[in-house]
Structure formats: C-alpha cells, structure tokens
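The file run.cif comes next; it holds mmCIF, C-alpha atoms.
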data_protein
loop_
_atom_site.group_PDB
_atom_site.id
_atom_site.type_symbol
_atom_site.label_atom_id
_atom_site.label_comp_id
_atom_site.auth_asym_id
_atom_site.auth_seq_id
_atom_site.Cartn_x
_atom_site.Cartn_y
_atom_site.Cartn_z
ATOM 1 C CA MET A 9 1.748 35.248 -7.745
ATOM 2 C CA GLU A 10 3.744 33.571 -10.498
ATOM 3 C CA VAL A 11 5.412 31.368 -7.889
ATOM 4 C CA ARG A 12 2.055 30.328 -6.423
ATOM 5 C CA ARG A 13 0.667 29.398 -9.864
ATOM 6 C CA TRP A 14 3.720 27.236 -10.568
ATOM 7 C CA GLY A 15 3.295 25.640 -7.164
ATOM 8 C CA CYS A 16 -0.284 24.639 -8.069
ATOM 9 C CA VAL A 17 0.855 23.059 -11.341
ATOM 10 C CA ILE A 18 3.615 21.064 -9.651
ATOM 11 C CA GLU A 19 1.194 19.980 -6.910
ATOM 12 C CA ALA A 20 -1.303 18.755 -9.519
ATOM 13 C CA ILE A 21 1.417 16.757 -11.293
ATOM 14 C CA ILE A 22 2.586 15.193 -8.013
ATOM 15 C CA ASP A 23 -1.067 14.390 -7.185
ATOM 16 C CA ILE A 24 -1.601 12.581 -10.485
ATOM 17 C CA VAL A 25 1.648 10.612 -10.284
ATOM 18 C CA LEU A 26 0.999 9.580 -6.664
ATOM 19 C CA LEU A 27 -2.563 8.498 -7.484
ATOM 20 C CA THR A 28 -1.200 6.423 -10.386
ATOM 21 C CA PHE A 29 1.284 4.786 -7.992
ATOM 22 C CA LEU A 30 -1.616 4.088 -5.602
ATOM 23 C CA VAL A 31 -3.569 2.271 -8.315
ATOM 24 C CA ILE A 32 -0.492 0.245 -9.290
ATOM 25 C CA VAL A 33 0.223 -0.744 -5.683
ATOM 26 C CA GLY A 34 -3.454 -1.619 -5.137
ATOM 27 C CA VAL A 35 -3.508 -3.934 -8.164
ATOM 28 C CA ALA A 36 -0.206 -5.465 -7.036
ATOM 29 C CA ILE A 37 -1.696 -6.177 -3.569
ATOM 30 C CA LEU A 38 -4.512 -8.054 -5.312
ATOM 31 C CA LEU A 39 -2.212 -10.047 -7.583
ATOM 32 C CA VAL A 40 0.764 -10.935 -5.360
ATOM 33 C CA ARG A 41 0.290 -14.236 -3.495
ATOM 34 C CA ASN A 42 3.169 -13.972 -1.028
ATOM 35 C CA LEU A 43 1.516 -12.475 2.069
ATOM 36 C CA LEU A 44 4.752 -10.981 3.446
ATOM 37 C CA ALA A 45 5.165 -9.031 0.209
ATOM 38 C CA VAL A 46 1.512 -7.971 0.405
ATOM 39 C CA THR A 47 2.114 -6.692 3.962
ATOM 40 C CA MET A 48 5.049 -4.590 2.791
ATOM 41 C CA LEU A 49 3.018 -3.282 -0.150
ATOM 42 C CA THR A 50 0.258 -2.273 2.298
ATOM 43 C CA GLY A 51 2.838 -0.230 4.198
ATOM 44 C CA ILE A 52 3.879 1.493 0.962
ATOM 45 C CA TYR A 53 0.214 2.147 0.142
ATOM 46 C CA SER A 54 -0.244 3.866 3.527
ATOM 47 C CA LEU A 55 2.829 6.042 3.020
ATOM 48 C CA LEU A 56 1.591 7.128 -0.429
ATOM 49 C CA VAL A 57 -1.872 7.925 0.992
ATOM 50 C CA ALA A 58 -0.195 9.902 3.785
ATOM 51 C CA THR A 59 1.683 11.996 1.196
ATOM 52 C CA LEU A 60 -1.604 12.667 -0.600
ATOM 53 C CA PHE A 61 -3.182 13.753 2.705
ATOM 54 C CA VAL A 62 -0.330 16.232 3.194
ATOM 55 C CA LEU A 63 -0.983 17.572 -0.312
ATOM 56 C CA LEU A 64 -4.632 18.030 0.731
ATOM 57 C CA ASP A 65 -3.451 20.004 3.813
ATOM 58 C CA ALA A 66 -4.688 17.329 6.256
ATOM 59 C CA VAL A 67 -1.364 16.987 8.039
ATOM 60 C CA ASP A 68 -2.748 15.473 11.265
ATOM 61 C CA VAL A 69 -4.697 12.819 9.349
ATOM 62 C CA ALA A 70 -1.545 12.067 7.370
ATOM 63 C CA LEU A 71 0.440 11.543 10.560
ATOM 64 C CA THR A 72 -2.175 9.115 11.871
ATOM 65 C CA GLU A 73 -2.228 7.284 8.546
ATOM 66 C CA ALA A 74 1.555 6.915 8.514
ATOM 67 C CA ALA A 75 1.764 5.806 12.152
ATOM 68 C CA VAL A 76 -1.160 3.364 12.064
ATOM 69 C CA GLY A 77 -1.108 2.233 8.425
ATOM 70 C CA ALA A 78 2.613 1.945 7.817
ATOM 71 C CA GLY A 79 3.662 1.157 11.392
ATOM 72 C CA LEU A 80 1.106 -0.557 13.603
ATOM 73 C CA LEU A 81 -0.941 -2.314 10.922
ATOM 74 C CA VAL A 82 2.128 -3.818 9.237
ATOM 75 C CA ILE A 83 3.364 -5.194 12.560
ATOM 76 C CA LEU A 84 -0.065 -6.649 13.422
ATOM 77 C CA MET A 85 -0.223 -8.308 9.995
ATOM 78 C CA LEU A 86 3.307 -9.700 10.396
ATOM 79 C CA ALA A 87 2.358 -11.101 13.818
ATOM 80 C CA THR A 88 -0.726 -12.704 12.253
ATOM 81 C CA ILE A 89 1.327 -14.226 9.437
ATOM 82 C CA ALA A 90 3.782 -15.566 12.013
ATOM 83 C CA LEU A 91 0.852 -17.454 13.598
ATOM 84 C CA THR A 92 -0.613 -18.725 10.327
ATOM 85 C CA THR A 93 1.009 -19.082 6.915
ATOM 86 C CA GLN A 94 2.680 -16.768 4.449
ATOM 87 C CA LYS A 95 1.192 -18.195 1.252
ATOM 88 C CA GLU A 96 -2.266 -17.209 0.142
ATOM 89 C CA LYS A 97 -4.494 -20.159 -0.771
ATOM 90 C CA VAL A 98 -5.596 -19.825 -4.383
ATOM 91 C CA HIS A 99 -9.199 -20.767 -4.949
ATOM 92 C CA ALA A 100 -10.364 -21.723 -8.397
ATOM 93 C CA ALA A 101 -11.661 -18.530 -9.967
ATOM 94 C CA ARG A 102 -15.452 -18.460 -10.053
ATOM 95 C CA GLN A 103 -17.132 -15.796 -12.118
ATOM 96 C CA ASN A 104 -20.162 -14.459 -10.293
ATOM 97 C CA ALA A 105 -22.237 -12.292 -12.647
ATOM 98 C CA VAL A 106 -24.620 -11.118 -9.899
ATOM 99 C CA ALA A 107 -21.756 -9.853 -7.744
ATOM 100 C CA LEU A 108 -20.263 -7.998 -10.709
ATOM 101 C CA VAL A 109 -23.607 -6.338 -11.474
ATOM 102 C CA VAL A 110 -24.082 -5.306 -7.815
ATOM 103 C CA VAL A 111 -20.581 -3.816 -7.618
ATOM 104 C CA VAL A 112 -20.888 -1.934 -10.924
ATOM 105 C CA VAL A 113 -24.338 -0.542 -10.063
ATOM 106 C CA THR A 114 -23.254 0.528 -6.551
ATOM 107 C CA GLY A 115 -20.092 2.123 -7.904
ATOM 108 C CA ALA A 116 -22.026 3.979 -10.615
ATOM 109 C CA ALA A 117 -24.520 5.228 -7.997
ATOM 110 C CA LEU A 118 -21.696 6.485 -5.779
ATOM 111 C CA ILE A 119 -19.990 8.268 -8.685
ATOM 112 C CA TYR A 120 -23.366 9.790 -9.648
ATOM 113 C CA GLY A 121 -23.660 10.976 -6.023
ATOM 114 C CA THR A 122 -20.304 12.781 -6.194
ATOM 115 C CA LEU A 123 -21.680 15.028 -8.963
ATOM 116 C CA ASP A 124 -23.694 16.894 -6.289
ATOM 117 C CA ILE A 125 -20.670 17.479 -4.054
ATOM 118 C CA PRO A 126 -19.520 21.121 -4.108
ATOM 119 C CA PRO A 127 -16.090 21.654 -5.721
ATOM 120 C CA PHE A 128 -12.957 21.230 -3.591
ATOM 121 C CA GLY A 129 -12.306 24.334 -1.491
ATOM 122 C CA ASP A 130 -15.639 26.004 -2.355
ATOM 123 C CA PRO A 131 -16.276 28.625 0.383
ATOM 124 C CA ASN A 132 -20.060 28.323 -0.110
ATOM 125 C CA ALA A 133 -20.124 24.578 0.528
ATOM 126 C CA PRO A 134 -22.677 23.618 3.228
ATOM 127 C CA ALA A 135 -19.902 22.362 5.512
ATOM 128 C CA HIS A 136 -18.285 25.814 5.487
ATOM 129 C CA VAL A 137 -21.534 27.769 5.879
ATOM 130 C CA HIS A 138 -23.466 25.792 8.450
ATOM 131 C CA LEU A 139 -21.300 24.698 11.400
ATOM 132 C CA SER A 140 -17.738 25.825 10.721
ATOM 133 C CA PRO A 141 -18.327 29.548 11.385
ATOM 134 C CA ARG A 142 -19.759 28.777 14.799
ATOM 135 C CA PHE A 143 -16.915 26.419 15.692
ATOM 136 C CA THR A 144 -14.181 28.742 14.460
ATOM 137 C CA GLN A 145 -15.650 31.962 15.872
ATOM 138 C CA GLU A 146 -17.242 30.952 19.156
ATOM 139 C CA SER A 147 -15.352 27.905 20.403
ATOM 140 C CA PRO A 148 -12.480 29.971 21.915
ATOM 141 C CA GLU A 149 -15.031 31.792 24.099
ATOM 142 C CA GLU A 150 -17.313 28.841 24.766
ATOM 143 C CA ILE A 151 -14.634 26.250 25.503
ATOM 144 C CA GLY A 152 -11.427 28.171 26.032
ATOM 145 C CA ILE A 153 -9.133 25.726 24.191
ATOM 146 C CA PRO A 154 -6.853 27.470 21.682
ATOM 147 C CA ASN A 155 -6.782 24.516 19.256
ATOM 148 C CA MET A 156 -10.162 24.299 17.530
ATOM 149 C CA VAL A 157 -9.819 20.714 16.374
ATOM 150 C CA THR A 158 -9.228 19.678 19.974
ATOM 151 C CA SER A 159 -12.169 21.698 21.267
ATOM 152 C CA VAL A 160 -14.522 20.186 18.665
ATOM 153 C CA LEU A 161 -13.306 16.641 19.334
ATOM 154 C CA ALA A 162 -13.350 16.967 23.112
ATOM 155 C CA THR A 163 -16.624 18.849 23.622
ATOM 156 C CA TYR A 164 -19.051 19.261 20.708
ATOM 157 C CA ARG A 165 -18.277 15.726 19.570
ATOM 158 C CA GLY A 166 -17.347 14.417 23.003
ATOM 159 C CA ILE A 167 -19.736 11.428 23.046
ATOM 160 C CA ASP A 168 -18.641 10.443 19.553
ATOM 161 C CA THR A 169 -14.995 10.592 20.627
ATOM 162 C CA LEU A 170 -15.784 8.497 23.710
ATOM 163 C CA GLY A 171 -17.422 5.922 21.423
ATOM 164 C CA GLU A 172 -14.348 5.893 19.193
ATOM 165 C CA ALA A 173 -12.097 5.378 22.190
ATOM 166 C CA VAL A 174 -14.258 2.443 23.358
ATOM 167 C CA VAL A 175 -14.146 0.863 19.880
ATOM 168 C CA ILE A 176 -10.360 1.239 19.636
ATOM 169 C CA PHE A 177 -9.886 -0.142 23.165
ATOM 170 C CA ALA A 178 -12.089 -3.159 22.397
ATOM 171 C CA ALA A 179 -10.230 -3.766 19.129
ATOM 172 C CA ALA A 180 -6.850 -3.539 20.869
ATOM 173 C CA VAL A 181 -7.938 -5.975 23.592
ATOM 174 C CA GLY A 182 -9.256 -8.384 20.955
ATOM 175 C CA VAL A 183 -6.082 -8.243 18.900
ATOM 176 C CA LEU A 184 -3.892 -8.723 21.978
ATOM 177 C CA LEU A 185 -6.004 -11.698 23.086
ATOM 178 C CA VAL A 186 -5.640 -13.358 19.677
ATOM 179 C CA LEU A 187 -1.975 -12.558 19.027
ATOM 180 C CA GLY A 188 -0.455 -12.152 22.456
ATOM 181 C CA THR A 189 -1.121 -15.442 24.231
ATOM 182 C CA GLY A 190 1.438 -17.656 22.507
ATOM 183 C CA ARG A 191 4.282 -15.227 22.830
ATOM 184 C CA VAL A 192 3.561 -14.401 26.499
ATOM 185 C CA ARG A 193 3.463 -18.080 27.365
ATOM 186 C CA ARG A 194 6.716 -18.708 25.533
ATOM 187 C CA ARG A 195 8.453 -15.821 27.257
ATOM 188 C CA ARG A 196 7.158 -16.962 30.665
ATOM 189 C CA ASP A 197 8.519 -20.452 29.980
ATOM 190 C CA THR A 198 11.997 -19.143 29.224
ATOM 191 C CA GLU A 199 11.874 -16.917 32.301
ATOM 192 C CA GLU A 200 10.921 -19.912 34.448
ATOM 193 C CA HIS A 201 13.807 -21.878 32.973
ATOM 194 C CA GLU A 202 16.153 -19.034 33.763
ATOM 195 C CA ASP A 203 14.804 -18.873 37.317
ATOM 196 C CA GLU A 204 15.317 -22.602 37.766
ATOM 197 C CA ALA A 205 18.846 -22.345 36.424
ATOM 198 C CA ARG A 206 19.534 -19.503 38.816
ATOM 199 C CA GLU A 207 18.164 -21.447 41.784
ATOM 200 C CA ARG A 208 20.285 -24.451 40.872
ATOM 201 C CA SER A 209 23.520 -22.463 40.637
ATOM 202 C CA MET B 2 11.174 27.109 -8.328
ATOM 203 C CA THR B 3 12.971 25.189 -11.096
ATOM 204 C CA MET B 4 15.056 23.538 -8.414
ATOM 205 C CA PHE B 5 11.966 22.353 -6.531
ATOM 206 C CA LEU B 6 10.452 21.113 -9.780
ATOM 207 C CA ALA B 7 13.590 19.096 -10.525
ATOM 208 C CA THR B 8 13.676 17.770 -6.955
ATOM 209 C CA ALA B 9 10.028 16.715 -7.040
ATOM 210 C CA PHE B 10 10.576 14.980 -10.383
ATOM 211 C CA ALA B 11 13.660 13.170 -9.086
ATOM 212 C CA LEU B 12 11.756 12.092 -5.961
ATOM 213 C CA LEU B 13 8.912 10.673 -8.043
ATOM 214 C CA VAL B 14 11.384 8.734 -10.199
ATOM 215 C CA THR B 15 13.083 7.337 -7.078
ATOM 216 C CA LEU B 16 9.657 6.432 -5.716
ATOM 217 C CA ALA B 17 8.916 4.519 -8.923
ATOM 218 C CA LEU B 18 12.221 2.646 -8.638
ATOM 219 C CA ALA B 19 11.506 1.754 -4.993
ATOM 220 C CA LEU B 20 8.033 0.506 -5.976
ATOM 221 C CA THR B 21 9.589 -1.655 -8.689
ATOM 222 C CA ARG B 22 11.885 -3.204 -6.102
ATOM 223 C CA ALA B 23 8.904 -3.803 -3.810
ATOM 224 C CA PHE B 24 7.050 -5.635 -6.605
ATOM 225 C CA LEU B 25 10.005 -7.681 -7.869
ATOM 226 C CA GLY B 26 12.158 -8.054 -4.740
ATOM 227 C CA PRO B 27 12.946 -11.733 -4.468
ATOM 228 C CA THR B 28 13.551 -11.724 -0.696
ATOM 229 C CA ILE B 29 11.533 -10.063 2.031
ATOM 230 C CA HIS B 30 14.524 -7.916 2.955
ATOM 231 C CA ASP B 31 14.414 -6.226 -0.463
ATOM 232 C CA ARG B 32 10.805 -5.350 0.215
ATOM 233 C CA ILE B 33 11.475 -4.026 3.723
ATOM 234 C CA LEU B 34 14.202 -1.864 2.227
ATOM 235 C CA ALA B 35 11.747 -0.688 -0.447
ATOM 236 C CA VAL B 36 9.246 0.330 2.248
ATOM 237 C CA ASN B 37 12.011 2.188 4.055
ATOM 238 C CA VAL B 38 12.999 4.011 0.856
ATOM 239 C CA VAL B 39 9.366 4.943 0.165
ATOM 240 C CA GLY B 40 9.156 6.298 3.729
ATOM 241 C CA THR B 41 12.289 8.397 3.206
ATOM 242 C CA LYS B 42 10.924 9.701 -0.086
ATOM 243 C CA THR B 43 7.694 10.614 1.749
ATOM 244 C CA VAL B 44 9.722 12.679 4.229
ATOM 245 C CA LEU B 45 11.565 14.493 1.436
ATOM 246 C CA MET B 46 8.383 14.912 -0.607
ATOM 247 C CA ILE B 47 6.605 16.590 2.330
ATOM 248 C CA ALA B 48 9.532 18.975 2.783
ATOM 249 C CA VAL B 49 9.592 19.817 -0.942
ATOM 250 C CA ILE B 50 5.804 20.289 -1.025
ATOM 251 C CA GLY B 51 6.167 22.644 1.955
ATOM 252 C CA PHE B 52 8.627 24.821 0.087
ATOM 253 C CA ILE B 53 6.678 24.670 -3.197
ATOM 254 C CA THR B 54 3.474 25.872 -1.524
ATOM 255 C CA GLY B 55 5.342 28.489 0.519
ATOM 256 C CA ARG B 56 4.964 26.859 3.937
ATOM 257 C CA PRO B 57 8.467 25.952 5.150
ATOM 258 C CA GLU B 58 7.037 24.851 8.543
ATOM 259 C CA PHE B 59 6.206 21.543 6.846
ATOM 260 C CA VAL B 60 9.828 20.627 7.563
ATOM 261 C CA ASP B 61 8.812 19.988 11.204
ATOM 262 C CA ILE B 62 6.193 17.489 10.051
ATOM 263 C CA ALA B 63 8.757 15.870 7.788
ATOM 264 C CA ILE B 64 11.020 15.353 10.806
ATOM 265 C CA VAL B 65 8.194 13.623 12.704
ATOM 266 C CA TYR B 66 7.733 11.389 9.657
ATOM 267 C CA ALA B 67 11.422 10.545 9.675
ATOM 268 C CA LEU B 68 11.120 9.433 13.320
ATOM 269 C CA LEU B 69 7.992 7.375 12.584
ATOM 270 C CA ASN B 70 9.653 5.724 9.605
ATOM 271 C CA TYR B 71 12.740 4.838 11.635
ATOM 272 C CA ILE B 72 10.766 3.381 14.559
ATOM 273 C CA GLY B 73 8.433 1.511 12.193
ATOM 274 C CA ILE B 74 11.267 -0.209 10.325
ATOM 275 C CA ILE B 75 13.006 -1.115 13.594
ATOM 276 C CA ALA B 76 9.745 -2.637 14.853
ATOM 277 C CA VAL B 77 9.245 -4.646 11.647
ATOM 278 C CA LEU B 78 12.805 -5.936 11.801
ATOM 279 C CA ARG B 79 12.318 -6.909 15.460
ATOM 280 C CA VAL B 80 9.260 -8.949 14.452
ATOM 281 C CA PHE B 81 11.446 -10.754 11.905
ATOM 282 C CA GLU B 82 14.128 -11.302 14.523
ATOM 283 C CA ASP B 83 11.666 -12.764 17.062
ATOM 284 C CA THR B 84 9.790 -15.020 14.661
ATOM 285 C CA SER B 85 11.102 -17.229 11.897
ATOM 286 C CA LEU B 86 9.363 -15.351 9.083
ATOM 287 C CA ALA B 87 12.524 -14.354 7.275
ATOM 288 C CA GLU B 88 13.601 -17.940 6.710
ATOM 289 C CA PRO B 89 12.933 -19.478 3.326
ATOM 290 C CA PRO B 90 9.438 -20.970 3.161
ATOM 291 C CA ILE B 91 9.350 -24.448 4.720
ATOM 292 C CA SER B 92 8.501 -27.132 2.209
ATOM 293 C CA ASN B 93 5.467 -29.277 2.896
ATOM 294 C CA ASN B 94 7.418 -32.422 3.676
ATOM 295 C CA GLY B 95 8.988 -30.542 6.565
ATOM 296 C CA LYS B 96 7.580 -30.355 10.053
ATOM 297 C CA ASP B 97 4.360 -28.504 9.169
ATOM 298 C CA SER B 98 2.561 -30.944 6.949
ATOM 299 C CA GLY B 99 -0.784 -29.255 7.595
#

Would you kindly transcribe this structure into structure tokens?
Amino acid sequence: MEVRRWGCVIEAIIDIVLLTFLVIVGVAILLVRNLLAVTMLTGIYSLLVATLFVLLDAVDVALTEAAVGAGLLVILMLATIALTTQKEKVHAARQNAVALVVVVVTGAALIYGTLDIPPFGDPNAPAHVHLSPRFTQESPEEIGIPNMVTSVLATYRGIDTLGEAVVIFAAAVGVLLVLGTGRVRRRRDTEEHEDEARERS
Amino acid sequence: MTMFLATAFALLVTLALALTRAFLGPTIHDRILAVNVVGTKTVLMIAVIGFITGRPEFVDIAIVYALLNYIGIIAVLRVFEDTSLAEPPISNNGKDSG
C-alpha cells in the first residue's frame, strides 16, 4: 500500500515536469524561425506527449503518437522543407484585437465546459455506466474476438473505422502526389542513364 | 522505491539537458541528436514508470519504443543524406535568388 502511494506521488511529479516541458517546447516551436529546428522540436513534442499517454495508461495511443508524430510526421515535414525553404518568412506583427477576444472567449468557454466533466477515473462517469459495461461484458459472446478494443473498432464502430481508413488513404495519396513526383522523376532519370551506360558498354 | 525515485529524477534532468540542446543547438545535427536522446529517455521513462506503478510488463512496450526511435532516426538521417538540407543555408546571391 505504502509502495503504491509513493508511486502515485512520483507519477504526479513526473506528470507536472513533463507538462512543463511540453509548454516550453510549444513556446519554442512558436518562437524559433529555423524550420528544420522546428521540425525536430515537433518530434520532441510528440515523444513527450507519448510519455504522458503512457502515464495515463493509454499505451496503444502512445505507440501511435510516437510512430506517427515523431517518425512519419517529421519525415513528411523534412520532405516538404526540402521542396520549399528552411527559413520562416517573418511578417510584420499585426495586433488584431478581435481575434484576441474571440480566442480568449472561446478558451474561457471551453475551460468552463471542463468543470462539468466527471473527475479522472470516476467509476460513475457516464462513459463507464452507459456503453462500457455492454462492450466489456457482451462483446466476447457477440463478436468472439478476445481483444475488446479490436472488437469495438471492427464491429460496433465499423463504419466509423472504414471512414477513418478512407480519410487516411486519401491523405496519404495526396501527400505522395505532392511530395513524390520530383524524387520519382529524378530516380527514373538516373536509372535511364544507367541503362544507357549499360547498353553502350 | 528510492532507487526508482532517483532514476526518474535523473531522467527528467537529462531530458531537460536534451531539450536545452534542442533549443540552442547551432547545427541541425545537434538537434537530431537531441531528438534521439529524448527518444531514449522516453524508453527509459516508460520502463521506470512500469516498475513504479507495479507493472513490469511495460518493459515490452519500452522495447517497441526503442525500435521505433531507432528506425525513426535512421529515416530522418536518410532524408538528410538524399536531400541537401544539412548543408549550410544558401545565401541569396547563390543559385536560388527567388
């Protein structure tokens, strides 16, 4: 029991420190003008968020965050920078009072909304009373898949998952169309040159 | 438990140092190294959190993270090898006067 209590304290401290790091990295991403540095900082941000997800017990989400955020996204951004430029254009700072008011009011409304959210881990929260019991108790019989997350994603939320897959496929095709063409053409050129050289020899 | 506390503290300090290098790092290679260090600290942090909360099976997840981190850094370095990003920024009187 004593061990568990100490564990909670240490976890809380790690949480606070990691969240502080997140804020610092976020501000740095805003301030730094070198886009390569910003890309690397985005990778660090994703890794920190992934650690926080592990602390929240969402290990699968953390894995996705680390793979996509720190791996794939960084590479896509580097490929984009390779096609464009690595210095951010600095526009003359314009203060827009209306925008500030809109952001502050929206943020205040969202924070006010969180006051109604049940506390973290509350067993009487609507999410744990309404659908979860059915999923956890009846999905093994209804679906027959041992892993409940998989059975929910593949059946109860099947159409939603199909939609997600379509969105991701479309995004991947779009990104490949934008980024891929130049490199493919270049590689094909070199291959043709090699072929010609081979034919000549 | 004291040992885990000390380890967690040391990891957070190392994380702070790596972040400092990522902010200051004059060349892009410093920053790539900083990302790599942060990734390694994430792996260790997950393992330590697993033992602190009494779930040693987190070590498996930490190993997957180690693989991801390794592959990710290799991929980033390949991008730098293929393109000319790592070179010093070209001055405007060079070839790209756009």

Return the neighbours of chain A among the residues of chain B, cut-off 8 Å, counting all atoms listed in the file, as a PDB file with C-alpha atoms, in the frame of the given file.
ATOM      1  CA  MET B   2      11.174  27.109  -8.328  1.00  0.00           C
ATOM      2  CA  LEU B   6      10.452  21.113  -9.780  1.00  0.00           C
ATOM      3  CA  ALA B   9      10.028  16.715  -7.040  1.00  0.00           C
ATOM      4  CA  LEU B  13       8.912  10.673  -8.043  1.00  0.00           C
ATOM      5  CA  ALA B  17       8.916   4.519  -8.923  1.00  0.00           C
ATOM      6  CA  LEU B  20       8.033   0.506  -5.976  1.00  0.00           C
ATOM      7  CA  ALA B  23       8.904  -3.803  -3.810  1.00  0.00           C
ATOM      8  CA  PHE B  24       7.050  -5.635  -6.605  1.00  0.00           C
ATOM      9  CA  ILE B  29      11.533 -10.063   2.031  1.00  0.00           C
ATOM     10  CA  ARG B  32      10.805  -5.350   0.215  1.00  0.00           C
ATOM     11  CA  ILE B  33      11.475  -4.026   3.723  1.00  0.00           C
ATOM     12  CA  VAL B  36       9.246   0.330   2.248  1.00  0.00           C
ATOM     13  CA  VAL B  39       9.366   4.943   0.165  1.00  0.00           C
ATOM     14  CA  GLY B  40       9.156   6.298   3.729  1.00  0.00           C
ATOM     15  CA  THR B  43       7.694  10.614   1.749  1.00  0.00           C
ATOM     16  CA  MET B  46       8.383  14.912  -0.607  1.00  0.00           C
ATOM     17  CA  ILE B  47       6.605  16.590   2.330  1.00  0.00           C
ATOM     18  CA  ILE B  50       5.804  20.289  -1.025  1.00  0.00           C
ATOM     19  CA  ILE B  53       6.678  24.670  -3.197  1.00  0.00           C
ATOM     20  CA  THR B  54       3.474  25.872  -1.524  1.00  0.00           C
ATOM     21  CA  GLY B  55       5.342  28.489   0.519  1.00  0.00           C
ATOM     22  CA  ILE B  62       6.193  17.489  10.051  1.00  0.00           C
ATOM     23  CA  TYR B  66       7.733  11.389   9.657  1.00  0.00           C
ATOM     24  CA  LEU B  69       7.992   7.375  12.584  1.00  0.00           C
ATOM     25  CA  ASN B  70       9.653   5.724   9.605  1.00  0.00           C
ATOM     26  CA  GLY B  73       8.433   1.511  12.193  1.00  0.00           C
ATOM     27  CA  ILE B  74      11.267  -0.209  10.325  1.00  0.00           C
ATOM     28  CA  ALA B  76       9.745  -2.637  14.853  1.00  0.00           C
ATOM     29  CA  VAL B  77       9.245  -4.646  11.647  1.00  0.00           C
ATOM     30  CA  VAL B  80       9.260  -8.949  14.452  1.00  0.00           C
ATOM     31  CA  THR B  84       9.790 -15.020  14.661  1.00  0.00           C
ATOM     32  CA  SER B  85      11.102 -17.229  11.897  1.00  0.00           C
ATOM     33  CA  LEU B  86       9.363 -15.351   9.083  1.00  0.00           C
TER      34      LEU B  86
END

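CA of Leu184 in chain A lies 26.3 Å from CA of Asn37 in chain B.
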
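Using all atoms listed in the file, the smallest distance between any of A:Ile153, A:Leu64, A:Leu185, A:Tyr164 and Phe128 in chain A comes from A:Leu64.
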
Separation of CA of Thr72 in chain A from CA of Ala180 in chain A in Å: 16.2 Å

Could you write out as JSON the box around range 103-110 of chain A (axis-aligned, all atoms listed in the file, 8 Å on each side), with centre and edge lengths in Å to one decimal?
{"center_x": -20.9, "center_y": -10.6, "center_z": -10.2, "size_x": 23.5, "size_y": 26.5, "size_z": 20.9}

Separation of CA of Tyr120 in chain A from CA of Ala66 in chain A, in Å and rounded to one decimal: 25.7 Å
